[in-house]
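J.: Structure file structure-v1.csv, CSV, C-alpha atoms, is pasted below:
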```
chain,number,residue,atom,x,y,z
A,30,MET,CA,-16.6,-43.1,12.9
A,31,VAL,CA,-14.8,-46.5,12.8
A,32,ASP,CA,-14.2,-46.2,9.0
A,33,PHE,CA,-12.9,-42.7,9.5
A,34,VAL,CA,-10.4,-44.0,12.1
A,35,ILE,CA,-9.3,-46.8,9.7
A,36,PHE,CA,-8.9,-44.4,6.7
A,37,PHE,CA,-7.1,-41.8,8.9
A,38,THR,CA,-4.7,-44.4,10.4
A,39,VAL,CA,-3.9,-46.1,7.0
A,40,GLY,CA,-3.4,-42.6,5.4
A,41,VAL,CA,-1.0,-41.5,8.1
A,42,LEU,CA,0.8,-44.8,8.2
A,43,PHE,CA,1.2,-44.8,4.4
A,44,VAL,CA,3.0,-41.4,4.5
A,45,ILE,CA,5.2,-42.4,7.4
A,46,GLY,CA,5.9,-45.8,5.9
A,47,ALA,CA,7.1,-44.2,2.6
A,48,PHE,CA,9.6,-42.1,4.4
A,49,VAL,CA,10.8,-44.8,6.8
A,50,ALA,CA,11.1,-47.4,3.9
A,51,SER,CA,13.2,-45.0,1.8
A,52,TRP,CA,15.3,-44.1,4.8
A,53,LEU,CA,16.0,-47.8,5.6
A,54,ILE,CA,16.5,-49.1,2.0
A,55,ALA,CA,18.2,-46.2,0.3
A,56,PRO,CA,22.0,-45.9,0.4
A,57,HIS,CA,23.4,-42.7,2.1
A,58,LYS,CA,26.2,-41.3,0.0
A,59,PRO,CA,25.5,-37.5,-0.2
A,60,SER,CA,27.6,-35.3,-2.5
A,61,ALA,CA,27.4,-31.6,-3.4
A,62,ALA,CA,25.6,-32.4,-6.7
A,63,LYS,CA,23.1,-34.7,-5.0
A,64,LEU,CA,22.2,-32.2,-2.3
A,65,SER,CA,21.6,-29.3,-4.7
A,66,THR,CA,18.0,-28.2,-5.4
A,67,TYR,CA,16.4,-30.1,-8.2
A,68,GLU,CA,14.4,-28.0,-10.6
A,69,CYS,CA,13.6,-29.9,-13.8
A,70,GLY,CA,17.2,-30.6,-14.5
A,71,GLU,CA,18.1,-26.8,-14.6
A,72,GLU,CA,21.1,-25.5,-12.6
A,73,PRO,CA,19.5,-23.4,-9.8
A,74,VAL,CA,20.5,-19.7,-10.1
A,75,GLY,CA,20.3,-17.4,-7.0
A,76,GLY,CA,18.0,-17.8,-4.0
A,77,SER,CA,14.4,-18.9,-4.0
A,78,TRP,CA,13.3,-15.9,-1.8
A,79,ILE,CA,13.0,-13.4,-4.6
A,80,GLN,CA,10.3,-10.9,-5.6
A,81,PHE,CA,8.0,-12.4,-8.2
A,82,ASN,CA,6.5,-10.6,-11.2
A,83,PRO,CA,3.4,-8.6,-10.1
A,84,ARG,CA,1.7,-9.8,-13.2
A,85,TYR,CA,0.9,-13.1,-11.4
A,86,TYR,CA,-1.3,-11.2,-9.0
A,87,LEU,CA,-3.8,-10.2,-11.7
A,88,PHE,CA,-4.2,-13.9,-12.8
A,89,ALA,CA,-4.8,-14.8,-9.1
A,90,LEU,CA,-7.4,-12.1,-8.8
A,91,ALA,CA,-9.2,-13.2,-11.9
A,92,PHE,CA,-9.1,-16.8,-10.6
A,93,VAL,CA,-10.7,-15.8,-7.3
A,94,ILE,CA,-13.6,-14.0,-9.2
A,95,PHE,CA,-14.4,-17.0,-11.3
A,96,ASP,CA,-14.0,-19.3,-8.3
A,97,VAL,CA,-16.7,-17.3,-6.5
A,98,GLU,CA,-18.8,-17.6,-9.7
A,99,ILE,CA,-18.7,-21.4,-9.4
A,100,LEU,CA,-20.0,-21.1,-5.8
A,101,PHE,CA,-23.3,-19.6,-7.1
A,102,LEU,CA,-23.4,-21.6,-10.4
A,103,ALA,CA,-23.1,-25.1,-8.8
A,104,PRO,CA,-26.4,-25.1,-6.9
A,105,THR,CA,-28.4,-23.5,-9.7
A,106,LEU,CA,-27.1,-25.9,-12.3
A,107,LEU,CA,-28.2,-28.7,-10.0
A,108,VAL,CA,-31.8,-27.7,-10.3
A,109,MET,CA,-31.7,-26.2,-13.8
A,110,ARG,CA,-33.4,-29.1,-15.5
A,111,SER,CA,-36.5,-29.1,-13.3
A,112,PHE,CA,-37.1,-25.4,-14.1
A,113,GLY,CA,-36.7,-25.7,-17.9
A,114,PHE,CA,-35.9,-22.9,-20.3
A,115,VAL,CA,-36.5,-20.1,-17.8
A,116,ALA,CA,-33.7,-21.3,-15.6
A,117,PHE,CA,-31.4,-21.6,-18.6
A,118,ILE,CA,-32.0,-17.9,-19.5
A,119,GLU,CA,-31.5,-16.8,-15.9
A,120,ILE,CA,-28.2,-18.7,-15.6
A,121,PHE,CA,-27.2,-17.5,-19.1
A,122,ILE,CA,-27.6,-13.8,-18.0
A,123,PHE,CA,-25.5,-14.5,-14.9
A,124,LEU,CA,-22.8,-16.1,-17.0
A,125,PHE,CA,-23.0,-13.4,-19.8
A,126,ILE,CA,-22.3,-10.6,-17.3
A,127,LEU,CA,-19.1,-12.4,-16.2
A,128,ILE,CA,-18.1,-13.3,-19.8
A,129,LEU,CA,-18.3,-9.5,-20.4
A,130,GLY,CA,-15.7,-9.1,-17.7
A,131,LEU,CA,-13.6,-11.8,-19.2
A,132,SER,CA,-13.7,-10.2,-22.6
A,133,TYR,CA,-12.9,-6.9,-20.9
A,134,ILE,CA,-9.6,-8.1,-19.3
A,135,TRP,CA,-8.8,-10.0,-22.5
A,136,ARG,CA,-9.3,-6.8,-24.5
A,137,LYS,CA,-7.2,-4.8,-22.0
A,138,GLY,CA,-4.4,-7.3,-22.6
A,139,ALA,CA,-4.3,-8.4,-19.0
A,140,LEU,CA,-4.1,-12.0,-20.1
A,141,GLU,CA,-1.1,-11.4,-22.3
A,142,TRP,CA,2.3,-12.1,-21.0
A,143,MET,CA,4.7,-9.2,-21.6
B,18,MET,CA,-13.1,-36.1,16.6
B,19,ILE,CA,-14.3,-32.5,16.9
B,20,TYR,CA,-11.6,-32.0,19.6
B,21,VAL,CA,-8.9,-33.2,17.3
B,22,LEU,CA,-10.1,-30.7,14.7
B,23,ALA,CA,-10.3,-27.9,17.3
B,24,ALA,CA,-6.8,-28.7,18.5
B,25,ILE,CA,-5.4,-28.5,15.0
B,26,LEU,CA,-7.3,-25.3,14.3
B,27,LEU,CA,-6.1,-23.6,17.5
B,28,ILE,CA,-2.4,-24.7,17.0
B,29,SER,CA,-2.3,-23.6,13.3
B,30,ALA,CA,-4.1,-20.3,14.1
B,31,PHE,CA,-1.6,-19.7,16.9
B,32,LEU,CA,1.3,-20.4,14.6
B,33,THR,CA,-0.2,-18.1,12.0
B,34,VAL,CA,0.2,-15.1,14.3
B,35,THR,CA,3.4,-16.1,16.0
B,36,LEU,CA,5.7,-17.6,13.3
B,37,LYS,CA,8.7,-15.5,12.4
B,38,ASN,CA,8.7,-16.0,8.6
B,39,ILE,CA,5.6,-14.4,7.0
B,40,PHE,CA,5.5,-17.1,4.3
B,41,HIS,CA,5.3,-19.8,7.0
B,42,CYS,CA,2.5,-17.8,8.6
B,43,ALA,CA,0.6,-18.1,5.3
B,44,LEU,CA,1.1,-21.9,5.3
B,45,ALA,CA,-0.1,-22.1,8.8
B,46,LEU,CA,-3.2,-20.1,7.8
B,47,ALA,CA,-3.8,-22.6,5.0
B,48,VAL,CA,-3.8,-25.4,7.6
B,49,ALA,CA,-6.3,-23.4,9.7
B,50,LEU,CA,-8.6,-22.8,6.8
B,51,LEU,CA,-8.4,-26.5,5.8
B,52,THR,CA,-9.3,-27.5,9.3
B,53,LEU,CA,-12.3,-25.1,9.2
B,54,ALA,CA,-13.5,-27.0,6.1
B,55,GLY,CA,-13.2,-30.2,8.2
B,56,PHE,CA,-15.5,-28.6,10.8
B,57,TYR,CA,-18.1,-27.9,8.1
B,58,PHE,CA,-18.0,-31.5,6.9
B,59,TYR,CA,-18.3,-32.7,10.5
B,60,LEU,CA,-21.3,-30.5,11.1
B,61,ASP,CA,-23.1,-32.0,8.0
B,62,ALA,CA,-22.7,-29.0,5.8
B,63,PRO,CA,-20.8,-30.5,2.8
B,64,PHE,CA,-21.7,-27.6,0.4
B,65,VAL,CA,-20.2,-25.0,2.7
B,66,GLY,CA,-17.2,-27.4,3.3
B,67,VAL,CA,-16.5,-27.8,-0.4
B,68,MET,CA,-16.9,-24.1,-0.9
B,69,GLN,CA,-14.5,-23.4,2.0
B,70,LEU,CA,-12.0,-25.7,0.2
B,71,ILE,CA,-12.5,-24.1,-3.2
B,72,ILE,CA,-12.7,-20.5,-2.3
B,73,TYR,CA,-10.5,-20.1,0.8
B,74,VAL,CA,-8.0,-22.9,0.7
B,75,GLY,CA,-7.8,-22.7,-3.1
B,76,ALA,CA,-8.2,-19.1,-4.2
B,77,ILE,CA,-7.8,-16.9,-1.2
B,78,MET,CA,-4.6,-18.7,-0.1
B,79,ILE,CA,-3.1,-18.4,-3.6
B,80,LEU,CA,-3.9,-14.7,-3.4
B,81,ILE,CA,-2.2,-14.3,0.0
B,82,ILE,CA,0.8,-16.3,-1.0
B,83,PHE,CA,1.2,-14.4,-4.3
B,84,ALA,CA,0.9,-11.1,-2.3
B,85,ILE,CA,3.7,-12.3,0.0
B,86,MET,CA,5.9,-13.4,-2.9
B,87,LEU,CA,5.4,-10.1,-4.6
B,88,THR,CA,6.7,-8.0,-1.7
B,89,THR,CA,10.3,-6.8,-2.1
B,90,ARG,CA,11.4,-7.8,1.4
B,91,VAL,CA,10.2,-11.4,1.3
B,92,GLY,CA,13.9,-12.6,1.4
B,93,ASP,CA,14.3,-10.6,4.6
B,94,ARG,CA,13.9,-13.4,7.1
B,95,LEU,CA,13.9,-11.1,10.1
B,96,LEU,CA,10.8,-9.1,8.9
B,97,SER,CA,8.4,-9.3,11.8
B,98,ALA,CA,4.9,-10.4,11.0
B,99,ALA,CA,3.5,-9.4,14.5
B,100,ASN,CA,2.5,-5.9,15.4
B,101,HIS,CA,2.4,-6.5,19.2
B,102,GLN,CA,-1.1,-5.1,19.7
B,103,VAL,CA,-2.0,-7.5,22.5
B,104,MET,CA,-4.5,-5.4,24.5
B,105,PRO,CA,-6.6,-4.1,21.5
B,106,SER,CA,-6.8,-7.6,20.0
B,107,LEU,CA,-7.7,-9.2,23.3
B,108,LEU,CA,-10.5,-6.6,23.7
B,109,ALA,CA,-11.7,-7.3,20.1
B,110,VAL,CA,-11.7,-11.1,20.8
B,111,ILE,CA,-13.7,-10.7,24.1
B,112,VAL,CA,-16.3,-8.5,22.4
B,113,PHE,CA,-16.5,-10.9,19.4
B,114,VAL,CA,-17.0,-14.0,21.6
B,115,LEU,CA,-19.6,-12.3,23.8
B,116,PHE,CA,-21.7,-11.1,20.9
B,117,GLY,CA,-21.2,-14.3,19.0
B,118,ILE,CA,-22.5,-16.4,21.8
B,119,ALA,CA,-25.5,-14.0,22.3
B,120,ALA,CA,-26.3,-14.1,18.5
B,121,ILE,CA,-26.0,-17.9,18.3
B,122,ARG,CA,-28.3,-18.4,21.3
B,123,LYS,CA,-31.0,-16.4,19.7
B,124,LEU,CA,-31.0,-18.4,16.5
B,125,ASP,CA,-33.0,-21.6,16.1
B,126,LEU,CA,-30.6,-23.3,13.7
B,127,VAL,CA,-31.7,-26.9,14.1
B,128,ALA,CA,-35.4,-26.1,13.2
B,129,LYS,CA,-34.4,-24.3,10.1
B,130,ALA,CA,-31.9,-26.9,8.9
B,131,GLY,CA,-34.3,-29.7,9.5
B,132,LYS,CA,-36.9,-28.4,7.0
B,133,MET,CA,-34.8,-29.0,3.8
B,134,SER,CA,-34.3,-32.5,2.4
B,135,ASP,CA,-31.6,-31.5,-0.1
B,136,PRO,CA,-30.0,-28.3,1.0
B,137,ILE,CA,-27.9,-27.7,-2.1
B,138,ALA,CA,-30.8,-28.2,-4.5
B,139,GLY,CA,-32.9,-26.0,-2.2
B,140,LEU,CA,-30.3,-23.3,-2.4
B,141,GLY,CA,-30.3,-23.5,-6.2
B,142,ARG,CA,-34.1,-23.4,-6.3
B,143,GLU,CA,-34.2,-20.3,-4.0
B,144,LEU,CA,-31.5,-18.6,-6.1
B,145,LEU,CA,-33.5,-19.1,-9.3
B,146,THR,CA,-36.9,-18.0,-7.9
B,147,THR,CA,-37.1,-15.9,-4.7
B,148,TYR,CA,-33.6,-14.5,-4.9
B,149,LEU,CA,-33.2,-14.2,-8.6
B,150,LEU,CA,-32.4,-10.5,-8.6
B,151,PRO,CA,-29.7,-10.8,-5.9
B,152,PHE,CA,-28.3,-13.7,-7.9
B,153,GLU,CA,-27.9,-11.6,-11.1
B,154,VAL,CA,-26.6,-8.6,-9.0
B,155,ILE,CA,-23.9,-10.9,-7.6
B,156,SER,CA,-22.7,-11.4,-11.2
B,157,LEU,CA,-22.6,-7.6,-11.6
B,158,LEU,CA,-20.6,-7.3,-8.4
B,159,LEU,CA,-18.1,-9.9,-9.6
B,160,LEU,CA,-17.8,-8.0,-12.9
B,161,ALA,CA,-17.1,-4.8,-11.0
B,162,ALA,CA,-14.4,-6.6,-8.9
B,163,LEU,CA,-12.8,-8.0,-12.1
B,164,VAL,CA,-12.7,-4.6,-13.8
B,165,GLY,CA,-11.5,-2.9,-10.6
B,166,ALA,CA,-8.7,-5.5,-10.3
B,167,VAL,CA,-7.5,-4.9,-13.8
B,168,VAL,CA,-7.7,-1.1,-13.4
B,169,ILE,CA,-5.7,-1.1,-10.2
B,170,ALA,CA,-3.2,-3.8,-11.2
B,171,ARG,CA,-2.4,-2.2,-14.6
B,172,LYS,CA,-1.5,1.3,-13.3
B,173,ASP,CA,2.2,0.5,-13.9
```
Translate this structure into C-alpha cells?

T.:
Amino acid sequence: MVDFVIFFTVGVLFVIGAFVASWLIAPHKPSAAKLSTYECGEEPVGGSWIQFNPRYYLFALAFVIFDVEILFLAPTLLVMRSFGFVAFIEIFIFLFILILGLSYIWRKGALEWM
Amino acid sequence: MIYVLAAILLISAFLTVTLKNIFHCALALAVALLTLAGFYFYLDAPFVGVMQLIIYVGAIMILIIFAIMLTTRVGDRLLSAANHQVMPSLLAVIVFVLFGIAAIRKLDLVAKAGKMSDPIAGLGRELLTTYLLPFEVISLLLLAALVGAVVIARKD
C-alpha cells in the first residue's frame, strides 16, 4: 500500500512537473505557423473529423479475434511442458483452426489494401 | 484505494453516457474499462486484469473507436449520443442490481478461490484436460466469427 502511494504520487508529479517546467522555461511567442497542427511535417488538409475508410474495420475485427485467441492460449502454454507431446497436439489443433481462418481472409484478399 | 477506483469508475461511466461528443464518450468508456482492470488487480485476479486490458481496453475499444470514425456524421458535433430512456434504464439497473446481489450471496467465492495455488496454470491444466473439447470448440467459434466478419464487411 505504501509503495503504491509512492509510485502513484511520483507518477502524477512527474507528469505535472513536465508540463509546469515547460510552461515556466519555454518562451511564449505564438505565431500562426507554430499553432498549426503538426503531422509529421505535412501541411494539414481539411478537418480531422472525417469519415475513415471502412476497410480499417476489418483489420480491427481480425485483431479482436486473435486477441481472444491469446486469452486461451496463454494459460495453456504455461503448462504445456508438464503435459508433453499430447498438449502440443491439442494446442496445435487449436491454432490450426485459427490459421485456417487467417488463410481464408488472406485468400479473400481482406488483408490487401485497395 | 478501492474507493478511489470506484469514484473514477463511476465518474467515467457517468461521462460515457452524458458527454455530447460521441467520440469523447468512447474515450470515457476506455477510462471506465481501464479502471475495471484496476479492480481485478486489486481483487488479486491478475489474469482477468491483464485480459481486461488486452481484450477490452486494447481490442474492443479500438473496434468502438473505429466504428465511430467510420460513421458519416462523426463531424456533426451536435449529434446526440443519449436516447433519453431514463425510466426503462432505471428499471433495468434496479433488476440487475437486485439479481446480482442475490446471485453473489449464493456463491461461495472465497472457498473456491482458495483451493488453487496457481490459478493461471490451473486454468491451463483444466483447458487441456477436463475442458479440452470446449477449448477446441472456442477455436471453431473464433473461426466462424472471422469468416463472418469478412463476409459481412466485404459486401461492398

J.: With a distance cut-off of 7 Å and all atoms listed in the file, select the neighbouring residues of range 91-107 of chain A, excluding the residue or stretch itself and same-chain residues fewer than 4 positions from it, and output the selection as a list in words.

T.: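 Contacts, in chain order: Leu87 of chain A; Met68, Ile72, Ala76, Ile77, Ile137, Ala138, Leu140, Gly141, Arg142, Leu144, Leu145, Leu159 and Leu163 of chain B.
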
J.: For the residues selected in the previous step, produce a file with C-alpha atoms as a PDB file, in the coordinates of the input.

T.:
```pdb
ATOM      1  CA  LEU A  87      -3.800 -10.200 -11.700  1.00  0.00           C
TER       2      LEU A  87
ATOM      3  CA  MET B  68     -16.900 -24.100  -0.900  1.00  0.00           C
ATOM      4  CA  ILE B  72     -12.700 -20.500  -2.300  1.00  0.00           C
ATOM      5  CA  ALA B  76      -8.200 -19.100  -4.200  1.00  0.00           C
ATOM      6  CA  ILE B  77      -7.800 -16.900  -1.200  1.00  0.00           C
ATOM      7  CA  ILE B 137     -27.900 -27.700  -2.100  1.00  0.00           C
ATOM      8  CA  ALA B 138     -30.800 -28.200  -4.500  1.00  0.00           C
ATOM      9  CA  LEU B 140     -30.300 -23.300  -2.400  1.00  0.00           C
ATOM     10  CA  GLY B 141     -30.300 -23.500  -6.200  1.00  0.00           C
ATOM     11  CA  ARG B 142     -34.100 -23.400  -6.300  1.00  0.00           C
ATOM     12  CA  LEU B 144     -31.500 -18.600  -6.100  1.00  0.00           C
ATOM     13  CA  LEU B 145     -33.500 -19.100  -9.300  1.00  0.00           C
ATOM     14  CA  LEU B 159     -18.100  -9.900  -9.600  1.00  0.00           C
ATOM     15  CA  LEU B 163     -12.800  -8.000 -12.100  1.00  0.00           C
TER      16      LEU B 163
END
```

J.: Ranking A:Phe37, A:Ala139, A:Met30, A:Ser111 by minimum distance to Ala89 in chain A and counting all atoms listed in the file, which one comes first?

T.: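 Smallest distance to Ala89 in chain A is found for A:Ala139.
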
J.: Please build the interface table for chain B against chain A with a cut-off of 9 Å, listing for each qualifying residue the nearest atom pair and the distance in Å to one decimal; count all atoms listed in the file, order rows by chain and increasing number, and write it as JSON lines.

T.:
```
{"residue": "B:Met18", "atom": "CA", "partner": "A:Met30", "partner_atom": "CA", "distance": 8.7}
{"residue": "B:Met68", "atom": "CA", "partner": "A:Leu100", "partner_atom": "CA", "distance": 6.5}
{"residue": "B:Ile71", "atom": "CA", "partner": "A:Asp96", "partner_atom": "CA", "distance": 7.2}
{"residue": "B:Ile72", "atom": "CA", "partner": "A:Asp96", "partner_atom": "CA", "distance": 6.3}
{"residue": "B:Gly75", "atom": "CA", "partner": "A:Val93", "partner_atom": "CA", "distance": 8.6}
{"residue": "B:Ala76", "atom": "CA", "partner": "A:Val93", "partner_atom": "CA", "distance": 5.2}
{"residue": "B:Ile77", "atom": "CA", "partner": "A:Val93", "partner_atom": "CA", "distance": 6.8}
{"residue": "B:Ile79", "atom": "CA", "partner": "A:Ala89", "partner_atom": "CA", "distance": 6.8}
{"residue": "B:Leu80", "atom": "CA", "partner": "A:Ala89", "partner_atom": "CA", "distance": 5.8}
{"residue": "B:Phe83", "atom": "CA", "partner": "A:Tyr86", "partner_atom": "CA", "distance": 6.2}
{"residue": "B:Ala84", "atom": "CA", "partner": "A:Tyr86", "partner_atom": "CA", "distance": 7.1}
{"residue": "B:Ile85", "atom": "CA", "partner": "A:Gln80", "partner_atom": "CA", "distance": 8.8}
{"residue": "B:Met86", "atom": "CA", "partner": "A:Gln80", "partner_atom": "CA", "distance": 5.7}
{"residue": "B:Leu87", "atom": "CA", "partner": "A:Phe81", "partner_atom": "CA", "distance": 5.0}
{"residue": "B:Thr88", "atom": "CA", "partner": "A:Gln80", "partner_atom": "CA", "distance": 6.0}
{"residue": "B:Thr89", "atom": "CA", "partner": "A:Gln80", "partner_atom": "CA", "distance": 5.4}
{"residue": "B:Arg90", "atom": "CA", "partner": "A:Gln80", "partner_atom": "CA", "distance": 7.7}
{"residue": "B:Val91", "atom": "CA", "partner": "A:Trp78", "partner_atom": "CA", "distance": 6.3}
{"residue": "B:Gly92", "atom": "CA", "partner": "A:Trp78", "partner_atom": "CA", "distance": 4.6}
{"residue": "B:Asp93", "atom": "CA", "partner": "A:Trp78", "partner_atom": "CA", "distance": 8.4}
{"residue": "B:Ile137", "atom": "CA", "partner": "A:Pro104", "partner_atom": "CA", "distance": 5.7}
{"residue": "B:Ala138", "atom": "CA", "partner": "A:Pro104", "partner_atom": "CA", "distance": 5.9}
{"residue": "B:Gly139", "atom": "CA", "partner": "A:Pro104", "partner_atom": "CA", "distance": 8.1}
{"residue": "B:Leu140", "atom": "CA", "partner": "A:Pro104", "partner_atom": "CA", "distance": 6.2}
{"residue": "B:Gly141", "atom": "CA", "partner": "A:Thr105", "partner_atom": "CA", "distance": 4.0}
{"residue": "B:Arg142", "atom": "CA", "partner": "A:Val108", "partner_atom": "CA", "distance": 6.3}
{"residue": "B:Glu143", "atom": "CA", "partner": "A:Thr105", "partner_atom": "CA", "distance": 8.7}
{"residue": "B:Leu144", "atom": "CA", "partner": "A:Thr105", "partner_atom": "CA", "distance": 6.8}
{"residue": "B:Leu145", "atom": "CA", "partner": "A:Ala116", "partner_atom": "CA", "distance": 6.7}
{"residue": "B:Thr146", "atom": "CA", "partner": "A:Ala116", "partner_atom": "CA", "distance": 9.0}
{"residue": "B:Leu149", "atom": "CA", "partner": "A:Glu119", "partner_atom": "CA", "distance": 7.9}
{"residue": "B:Phe152", "atom": "CA", "partner": "A:Phe123", "partner_atom": "CA", "distance": 7.6}
{"residue": "B:Glu153", "atom": "CA", "partner": "A:Phe123", "partner_atom": "CA", "distance": 5.3}
{"residue": "B:Val154", "atom": "CA", "partner": "A:Phe123", "partner_atom": "CA", "distance": 8.4}
{"residue": "B:Ile155", "atom": "CA", "partner": "A:Phe123", "partner_atom": "CA", "distance": 8.3}
{"residue": "B:Ser156", "atom": "CA", "partner": "A:Phe123", "partner_atom": "CA", "distance": 5.6}
{"residue": "B:Leu157", "atom": "CA", "partner": "A:Ile126", "partner_atom": "CA", "distance": 6.4}
{"residue": "B:Leu159", "atom": "CA", "partner": "A:Ile94", "partner_atom": "CA", "distance": 6.1}
{"residue": "B:Leu160", "atom": "CA", "partner": "A:Gly130", "partner_atom": "CA", "distance": 5.4}
{"residue": "B:Ala161", "atom": "CA", "partner": "A:Gly130", "partner_atom": "CA", "distance": 8.1}
{"residue": "B:Ala162", "atom": "CA", "partner": "A:Ile94", "partner_atom": "CA", "distance": 7.4}
{"residue": "B:Leu163", "atom": "CA", "partner": "A:Ala91", "partner_atom": "CA", "distance": 6.3}
{"residue": "B:Val164", "atom": "CA", "partner": "A:Gly130", "partner_atom": "CA", "distance": 6.7}
{"residue": "B:Ala166", "atom": "CA", "partner": "A:Leu90", "partner_atom": "CA", "distance": 6.9}
{"residue": "B:Val167", "atom": "CA", "partner": "A:Ile134", "partner_atom": "CA", "distance": 6.7}
{"residue": "B:Ala170", "atom": "CA", "partner": "A:Leu87", "partner_atom": "CA", "distance": 6.4}
{"residue": "B:Arg171", "atom": "CA", "partner": "A:Ala139", "partner_atom": "CA", "distance": 7.8}
```

J.: Record the distance separating CA of Gly40 in chain A and CA of Leu46 in chain B, expressed in Å with one decimal.

T.: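 Rounded to one decimal, the two atoms are 22.6 Å apart.
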
J.: Rounded to one decimal, what separation in Å do you get between CA of Leu158 in chain B and CA of Ile81 in chain B?

T.: 21.4 Å

J.: If we count only C-alpha atoms and set the cut-off at 10 Å, which residues sit around Leu26 in chain B, ignoring sequence neighbours fewer than 5 positions away in its own chain? Please answer as a PyMOL selection string.

T.: chain B and resi 20-21+31-32+45-46+48-53+55-56

J.: Work out how far CA of Ala43 in chain B is from CA of Met78 in chain B, in Å to one decimal.

T.: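 So the two atoms, CA of Met78 in chain B and CA of Ala43 in chain B, lie 7.5 Å apart.
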
J.: Find the residue from B:Asp135, B:Thr147, B:Leu27, B:Cys42 that sits nearest to Asp61 in chain B; use only C-alpha atoms when measuring.

T.: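 Checking each candidate against Asp61 in chain B, we get B:Asp135 as the closest.
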